[in-house]
>>> print(open('input.cif').read())   # mmCIF, C-alpha atoms
data_work
#
loop_
_atom_site.group_PDB
_atom_site.id
_atom_site.type_symbol
_atom_site.label_atom_id
_atom_site.label_comp_id
_atom_site.auth_asym_id
_atom_site.auth_seq_id
_atom_site.Cartn_x
_atom_site.Cartn_y
_atom_site.Cartn_z
ATOM 1 C CA MET N 1 -16.534 19.945 13.868
ATOM 2 C CA ASN N 2 -13.120 20.133 12.203
ATOM 3 C CA ILE N 3 -13.004 18.969 8.570
ATOM 4 C CA THR N 4 -9.707 18.490 6.739
ATOM 5 C CA SER N 5 -9.233 17.215 3.172
ATOM 6 C CA PHE N 6 -6.002 16.240 1.446
ATOM 7 C CA ASP N 7 -4.644 13.872 -1.213
ATOM 8 C CA VAL N 8 -2.421 10.878 -0.449
ATOM 9 C CA ASN N 9 -1.011 9.028 -3.472
ATOM 10 C CA GLY N 10 -4.039 9.899 -5.583
ATOM 11 C CA LEU N 11 -6.561 9.144 -2.824
ATOM 12 C CA LYS N 12 -8.767 11.910 -1.498
ATOM 13 C CA VAL N 13 -8.771 11.775 2.301
ATOM 14 C CA CYS N 14 -11.363 13.647 4.322
ATOM 15 C CA LEU N 15 -11.082 13.757 8.119
ATOM 16 C CA CYS N 16 -13.946 14.952 10.294
ATOM 17 C CA GLY N 17 -13.119 15.451 13.952
ATOM 18 C CA THR N 18 -15.422 16.057 16.888
ATOM 19 C CA GLU N 19 -15.391 15.419 20.629
ATOM 20 C CA LYS N 20 -19.105 14.490 20.648
ATOM 21 C CA PHE N 21 -18.596 10.762 20.118
ATOM 22 C CA ASN N 22 -16.590 8.069 21.907
ATOM 23 C CA SER N 23 -15.860 6.147 18.722
ATOM 24 C CA THR N 24 -13.893 6.583 15.533
ATOM 25 C CA SER N 25 -15.178 5.556 12.112
ATOM 26 C CA VAL N 26 -13.158 5.109 8.953
ATOM 27 C CA CYS N 27 -14.722 4.661 5.548
ATOM 28 C CA LEU N 28 -12.786 3.841 2.404
ATOM 29 C CA VAL N 29 -14.817 4.189 -0.778
ATOM 30 C CA TYR N 30 -13.692 3.180 -4.250
ATOM 31 C CA ARG N 31 -15.904 4.569 -7.019
ATOM 32 C CA THR N 32 -15.823 3.659 -10.691
ATOM 33 C CA GLU N 33 -18.088 3.828 -13.702
ATOM 34 C CA LEU N 34 -20.651 1.041 -13.860
ATOM 35 C CA LYS N 35 -19.690 -1.361 -16.667
ATOM 36 C CA ARG N 36 -21.261 -4.732 -17.416
ATOM 37 C CA GLU N 37 -17.903 -6.566 -17.389
ATOM 38 C CA ASN N 38 -17.010 -5.220 -13.921
ATOM 39 C CA VAL N 39 -20.279 -5.757 -12.044
ATOM 40 C CA SER N 40 -19.615 -9.336 -10.888
ATOM 41 C CA PRO N 41 -15.937 -8.935 -9.940
ATOM 42 C CA TYR N 42 -16.694 -5.729 -8.028
ATOM 43 C CA ALA N 43 -19.590 -7.396 -6.223
ATOM 44 C CA LEU N 44 -17.345 -10.289 -5.135
ATOM 45 C CA LEU N 45 -14.244 -8.284 -4.214
ATOM 46 C CA PRO N 46 -15.408 -6.925 -0.820
ATOM 47 C CA LYS N 47 -16.710 -10.377 0.173
ATOM 48 C CA ILE N 48 -13.323 -11.931 -0.621
ATOM 49 C CA LEU N 49 -11.146 -9.199 0.910
ATOM 50 C CA SER N 50 -13.082 -9.082 4.181
ATOM 51 C CA ARG N 51 -12.451 -12.802 4.890
ATOM 52 C CA ALA N 52 -8.729 -12.624 5.693
ATOM 53 C CA SER N 53 -5.447 -10.795 5.140
ATOM 54 C CA SER N 54 -1.795 -11.753 5.281
ATOM 55 C CA ARG N 55 -1.818 -10.720 8.972
ATOM 56 C CA HIS N 56 -5.210 -12.255 9.886
ATOM 57 C CA SER N 57 -5.304 -15.514 7.960
ATOM 58 C CA SER N 58 -8.862 -16.591 8.770
ATOM 59 C CA LEU N 59 -12.278 -15.123 9.413
ATOM 60 C CA ARG N 60 -11.935 -16.285 13.014
ATOM 61 C CA SER N 61 -8.699 -14.292 13.346
ATOM 62 C CA VAL N 62 -10.345 -11.210 11.790
ATOM 63 C CA ASN N 63 -13.285 -11.453 14.203
ATOM 64 C CA ALA N 64 -10.977 -11.976 17.203
ATOM 65 C CA TYR N 65 -8.981 -8.881 16.232
ATOM 66 C CA LEU N 66 -12.158 -6.805 15.872
ATOM 67 C CA GLU N 67 -13.275 -7.993 19.305
ATOM 68 C CA GLU N 68 -9.840 -7.076 20.686
ATOM 69 C CA MET N 69 -10.427 -3.530 19.429
ATOM 70 C CA GLY N 70 -13.362 -3.019 21.758
ATOM 71 C CA GLY N 71 -15.864 -4.858 19.570
ATOM 72 C CA ALA N 72 -15.083 -2.951 16.371
ATOM 73 C CA LYS N 73 -17.648 -3.247 13.587
ATOM 74 C CA PHE N 74 -16.396 -3.944 10.046
ATOM 75 C CA ILE N 75 -18.504 -3.898 6.887
ATOM 76 C CA ALA N 76 -17.317 -4.401 3.319
ATOM 77 C CA GLN N 77 -19.949 -4.104 0.628
ATOM 78 C CA PRO N 78 -20.565 -3.369 -3.027
ATOM 79 C CA ILE N 79 -23.028 -0.596 -3.818
ATOM 80 C CA LYS N 80 -24.621 0.480 -7.083
ATOM 81 C CA LYS N 81 -25.578 4.139 -7.174
ATOM 82 C CA GLY N 82 -26.787 5.551 -10.476
ATOM 83 C CA ASN N 83 -24.075 4.898 -13.043
ATOM 84 C CA GLU N 84 -21.422 4.178 -10.426
ATOM 85 C CA GLN N 85 -20.146 0.934 -8.975
ATOM 86 C CA ILE N 86 -18.910 1.518 -5.428
ATOM 87 C CA ILE N 87 -16.913 -0.694 -3.100
ATOM 88 C CA ALA N 88 -17.123 0.562 0.478
ATOM 89 C CA PHE N 89 -15.208 -0.527 3.561
ATOM 90 C CA TYR N 90 -16.464 0.797 6.925
ATOM 91 C CA ILE N 91 -14.914 0.224 10.335
ATOM 92 C CA THR N 92 -15.899 1.722 13.695
ATOM 93 C CA ALA N 93 -14.241 1.259 17.097
ATOM 94 C CA PRO N 94 -13.791 3.111 20.385
ATOM 95 C CA LYS N 95 -11.449 6.140 20.063
ATOM 96 C CA GLU N 96 -8.549 4.477 21.870
ATOM 97 C CA TYR N 97 -8.194 2.071 18.905
ATOM 98 C CA SER N 98 -8.169 4.777 16.188
ATOM 99 C CA GLY N 99 -4.626 4.064 14.998
ATOM 100 C CA ARG N 100 -5.342 0.367 14.588
ATOM 101 C CA LEU N 101 -8.332 1.035 12.304
ATOM 102 C CA PHE N 102 -6.150 2.333 9.477
ATOM 103 C CA GLU N 103 -3.717 -0.544 9.948
ATOM 104 C CA PHE N 104 -6.555 -3.078 9.762
ATOM 105 C CA LEU N 105 -8.060 -1.512 6.615
ATOM 106 C CA SER N 106 -4.654 -1.301 4.979
ATOM 107 C CA ASP N 107 -3.980 -4.990 5.666
ATOM 108 C CA THR N 108 -7.432 -5.981 4.439
ATOM 109 C CA ILE N 109 -7.246 -4.097 1.159
ATOM 110 C CA TYR N 110 -3.556 -4.045 0.228
ATOM 111 C CA ARG N 111 -2.328 -7.309 1.757
ATOM 112 C CA PRO N 112 -5.023 -9.935 1.173
ATOM 113 C CA LEU N 113 -4.393 -13.591 1.908
ATOM 114 C CA LEU N 114 -3.175 -15.102 -1.363
ATOM 115 C CA SER N 115 -2.620 -18.580 -2.729
ATOM 116 C CA ASP N 116 -0.349 -19.102 -5.763
ATOM 117 C CA GLY N 117 -0.497 -15.399 -6.619
ATOM 118 C CA GLY N 118 -4.301 -15.147 -6.527
ATOM 119 C CA PHE N 119 -7.132 -14.993 -4.047
ATOM 120 C CA MET N 120 -7.804 -18.062 -1.924
ATOM 121 C CA PRO N 121 -9.946 -20.404 -4.092
ATOM 122 C CA SER N 122 -12.174 -21.302 -1.137
ATOM 123 C CA PHE N 123 -12.902 -17.592 -0.513
ATOM 124 C CA VAL N 124 -13.784 -17.017 -4.175
ATOM 125 C CA HIS N 125 -16.016 -20.094 -4.255
ATOM 126 C CA SER N 126 -17.758 -19.035 -1.048
ATOM 127 C CA ALA N 127 -18.278 -15.455 -2.310
ATOM 128 C CA CYS N 128 -19.725 -16.788 -5.584
ATOM 129 C CA SER N 129 -22.094 -19.100 -3.690
ATOM 130 C CA VAL N 130 -23.291 -16.292 -1.435
ATOM 131 C CA ALA N 131 -23.808 -13.960 -4.420
ATOM 132 C CA ALA N 132 -25.736 -16.640 -6.323
ATOM 133 C CA LYS N 133 -27.963 -17.233 -3.288
ATOM 134 C CA GLU N 134 -28.589 -13.487 -2.883
ATOM 135 C CA ILE N 135 -29.615 -13.240 -6.554
ATOM 136 C CA ALA N 136 -31.877 -16.304 -6.280
ATOM 137 C CA ASP N 137 -33.485 -14.865 -3.139
ATOM 138 C CA LYS N 138 -34.252 -11.607 -4.972
ATOM 139 C CA ILE N 139 -35.700 -13.478 -7.942
ATOM 140 C CA ASN N 140 -37.839 -15.724 -5.725
ATOM 141 C CA ASN N 141 -39.037 -12.984 -3.344
ATOM 142 C CA LYS N 142 -42.806 -13.399 -3.655
ATOM 143 C CA LYS N 143 -43.490 -10.485 -1.280
ATOM 144 C CA ALA N 144 -41.690 -8.044 -3.562
ATOM 145 C CA MET N 145 -43.634 -9.147 -6.647
ATOM 146 C CA PRO N 146 -46.743 -7.184 -7.608
ATOM 147 C CA PRO N 147 -50.036 -9.049 -7.131
ATOM 148 C CA LYS N 148 -51.506 -10.847 -10.156
ATOM 149 C CA LYS N 149 -54.634 -9.295 -11.617
#
>>> encode(input="input.cif", output="structure tokens")
Amino acid sequence: MNITSFDVNGLKVCLCGTEKFNSTSVCLVYRTELKRENVSPYALLPKILSRASSRHSSLRSVNAYLEEMGGAKFIAQPIKKGNEQIIAFYITAPKEYSGRLFEFLSDTIYRPLLSDGGFMPSFVHSACSVAAKEIADKINNKKAMPPKK
């Protein structure tokens, strides 16, 4: 396996190459210190960004493009690890689409679909609703609660 690391505009890039697999995976990870005032925005950001970009203006368009790239898989998620808040974007596709993976991630992260200089209100509302439901589901998860004595 060939491993190469370098910096691009302050970003650490690590490339791992092998001929063992027929697919290419790209992972972009943004790490920052966990702070109370950032938890909610950072949890919503990947949900909002993964919905659309200036090039793919709807979730349907995003999904069609992923299908066009040999059924590429795309995941955007917030992660809490220790005292770090992490936003991770993962995309995997067959090797012949490798060049398009970086283009897709770049569009998703740096050219989101905007409305009046901000994120699309419907995307923000939807992300907030999903997050609220996820929190309520965790609170109301009877299976995860210890038995009463």
>>> residues_around(input="input.cif", residues="range 35-45 of chain N", least_positions_apart="4", cutoff="7 Å", atoms="all atoms listed in the file", output="list in words")
Leu49, Pro78, Ala127 and Cys128 of chain N
>>> closest_residue(input="input.cif", among="N:Met1, N:Val130, N:Leu101, N:Val62", to="Phe21 in chain N", atoms="all atoms listed in the file")
N:Met1
>>> atom_distance(input="input.cif", atom1="CA of Pro94 in chain N", atom2="CA of Leu66 in chain N")
11.0 Å
>>> closest_residue(input="input.cif", among="N:Leu113, N:Gly70, N:Ala52, N:Arg31", to="Ser98 in chain N", atoms="only C-alpha atoms")
N:Gly70
>>> closest_residue(input="input.cif", among="N:Lys12, N:Thr32, N:Tyr97, N:Ser54", to="Met120 in chain N", atoms="only C-alpha atoms")
N:Ser54
>>> residues_near_point(input="input.cif", point="(-5.4, -8.5, 6.7)", cutoff="6 Å", atoms="all atoms listed in the file", output="JSON, numbers by chain")
{"N": [52, 53, 54, 55, 56, 107, 108, 111, 112]}
>>> write_last_selection(input="input.cif", atoms="C-alpha atoms", output="PDB file, in the frame of the given file")
ATOM      1  CA  ALA N  52      -8.729 -12.624   5.693  1.00  0.00           C
ATOM      2  CA  SER N  53      -5.447 -10.795   5.140  1.00  0.00           C
ATOM      3  CA  SER N  54      -1.795 -11.753   5.281  1.00  0.00           C
ATOM      4  CA  ARG N  55      -1.818 -10.720   8.972  1.00  0.00           C
ATOM      5  CA  HIS N  56      -5.210 -12.255   9.886  1.00  0.00           C
ATOM      6  CA  ASP N 107      -3.980  -4.990   5.666  1.00  0.00           C
ATOM      7  CA  THR N 108      -7.432  -5.981   4.439  1.00  0.00           C
ATOM      8  CA  ARG N 111      -2.328  -7.309   1.757  1.00  0.00           C
ATOM      9  CA  PRO N 112      -5.023  -9.935   1.173  1.00  0.00           C
TER      10      PRO N 112
END
>>> decode(input="input.cif", residues="range 4-34 of chain N", atoms="N, CA and C atoms", output="JSON list (two decimals), in the first residue's frame")
[["chain", "number", "residue", "atom", "x", "y", "z"],
["N", 4, "THR", "N", 0.66, 8.56, 0.99],
["N", 4, "THR", "CA", 1.26, 9.87, 0.75],
["N", 4, "THR", "C", 0.48, 10.91, 1.54],
["N", 5, "SER", "N", 1.20, 11.79, 2.25],
["N", 5, "SER", "CA", 0.55, 12.88, 2.99],
["N", 5, "SER", "C", 1.13, 14.21, 2.53],
["N", 6, "PHE", "N", 0.25, 15.21, 2.45],
["N", 6, "PHE", "CA", 0.70, 16.56, 2.08],
["N", 6, "PHE", "C", -0.36, 17.56, 2.53],
["N", 7, "ASP", "N", 0.00, 18.83, 2.56],
["N", 7, "ASP", "CA", -0.90, 19.90, 2.95],
["N", 7, "ASP", "C", -1.37, 20.66, 1.71],
["N", 8, "VAL", "N", -2.66, 21.00, 1.68],
["N", 8, "VAL", "CA", -3.23, 21.81, 0.61],
["N", 8, "VAL", "C", -4.06, 22.91, 1.27],
["N", 9, "ASN", "N", -3.58, 24.13, 1.19],
["N", 9, "ASN", "CA", -4.29, 25.28, 1.77],
["N", 9, "ASN", "C", -4.69, 25.04, 3.22],
["N", 10, "GLY", "N", -3.79, 24.50, 4.01],
["N", 10, "GLY", "CA", -4.06, 24.28, 5.42],
["N", 10, "GLY", "C", -4.77, 22.97, 5.73],
["N", 11, "LEU", "N", -5.13, 22.20, 4.71],
["N", 11, "LEU", "CA", -5.78, 20.91, 4.92],
["N", 11, "LEU", "C", -4.74, 19.80, 4.80],
["N", 12, "LYS", "N", -4.77, 18.87, 5.73],
["N", 12, "LYS", "CA", -3.88, 17.72, 5.65],
["N", 12, "LYS", "C", -4.56, 16.67, 4.78],
["N", 13, "VAL", "N", -3.89, 16.28, 3.71],
["N", 13, "VAL", "CA", -4.42, 15.28, 2.78],
["N", 13, "VAL", "C", -3.58, 14.02, 2.91],
["N", 14, "CYS", "N", -4.24, 12.90, 3.05],
["N", 14, "CYS", "CA", -3.56, 11.62, 3.15],
["N", 14, "CYS", "C", -4.16, 10.69, 2.09],
["N", 15, "LEU", "N", -3.34, 10.21, 1.18],
["N", 15, "LEU", "CA", -3.79, 9.31, 0.12],
["N", 15, "LEU", "C", -3.21, 7.92, 0.37],
["N", 16, "CYS", "N", -4.08, 6.93, 0.32],
["N", 16, "CYS", "CA", -3.67, 5.54, 0.48],
["N", 16, "CYS", "C", -4.06, 4.81, -0.79],
["N", 17, "GLY", "N", -3.08, 4.27, -1.49],
["N", 17, "GLY", "CA", -3.36, 3.60, -2.75],
["N", 17, "GLY", "C", -3.05, 2.12, -2.70],
["N", 18, "THR", "N", -3.93, 1.33, -3.30],
["N", 18, "THR", "CA", -3.73, -0.10, -3.40],
["N", 18, "THR", "C", -4.49, -0.62, -4.62],
["N", 19, "GLU", "N", -4.05, -1.72, -5.16],
["N", 19, "GLU", "CA", -4.74, -2.34, -6.29],
["N", 19, "GLU", "C", -5.71, -3.44, -5.83],
["N", 20, "LYS", "N", -5.82, -3.65, -4.52],
["N", 20, "LYS", "CA", -6.65, -4.72, -3.98],
["N", 20, "LYS", "C", -8.14, -4.51, -4.22],
["N", 21, "PHE", "N", -8.58, -3.27, -4.27],
["N", 21, "PHE", "CA", -10.01, -2.98, -4.30],
["N", 21, "PHE", "C", -10.43, -2.35, -5.62],
["N", 22, "ASN", "N", -11.68, -2.54, -5.99],
["N", 22, "ASN", "CA", -12.22, -1.99, -7.23],
["N", 22, "ASN", "C", -12.94, -0.67, -7.00],
["N", 23, "SER", "N", -12.83, -0.11, -5.81],
["N", 23, "SER", "CA", -13.52, 1.14, -5.51],
["N", 23, "SER", "C", -12.54, 2.15, -4.92],
["N", 24, "THR", "N", -12.98, 3.39, -4.94],
["N", 24, "THR", "CA", -12.22, 4.48, -4.35],
["N", 24, "THR", "C", -13.08, 5.13, -3.28],
["N", 25, "SER", "N", -12.47, 5.42, -2.15],
["N", 25, "SER", "CA", -13.18, 6.09, -1.05],
["N", 25, "SER", "C", -12.47, 7.38, -0.72],
["N", 26, "VAL", "N", -13.25, 8.40, -0.46],
["N", 26, "VAL", "CA", -12.71, 9.70, -0.04],
["N", 26, "VAL", "C", -13.43, 10.07, 1.24],
["N", 27, "CYS", "N", -12.65, 10.52, 2.20],
["N", 27, "CYS", "CA", -13.21, 10.93, 3.49],
["N", 27, "CYS", "C", -12.65, 12.30, 3.82],
["N", 28, "LEU", "N", -13.53, 13.25, 4.07],
["N", 28, "LEU", "CA", -13.12, 14.58, 4.50],
["N", 28, "LEU", "C", -13.60, 14.74, 5.94],
["N", 29, "VAL", "N", -12.67, 15.03, 6.83],
["N", 29, "VAL", "CA", -13.00, 15.12, 8.25],
["N", 29, "VAL", "C", -12.60, 16.49, 8.77],
["N", 30, "TYR", "N", -13.55, 17.16, 9.39],
["N", 30, "TYR", "CA", -13.28, 18.45, 10.02],
["N", 30, "TYR", "C", -13.39, 18.24, 11.53],
["N", 31, "ARG", "N", -12.31, 18.52, 12.24],
["N", 31, "ARG", "CA", -12.27, 18.31, 13.69],
["N", 31, "ARG", "C", -12.13, 19.65, 14.39],
["N", 32, "THR", "N", -12.84, 19.81, 15.50],
["N", 32, "THR", "CA", -12.72, 21.01, 16.30],
["N", 32, "THR", "C", -13.02, 20.65, 17.75],
["N", 33, "GLU", "N", -12.62, 21.53, 18.63],
["N", 33, "GLU", "CA", -12.86, 21.32, 20.05],
["N", 33, "GLU", "C", -14.37, 21.36, 20.34],
["N", 34, "LEU", "N", -14.80, 20.46, 21.18],
["N", 34, "LEU", "CA", -16.21, 20.39, 21.56],
["N", 34, "LEU", "C", -16.56, 21.56, 22.47]]
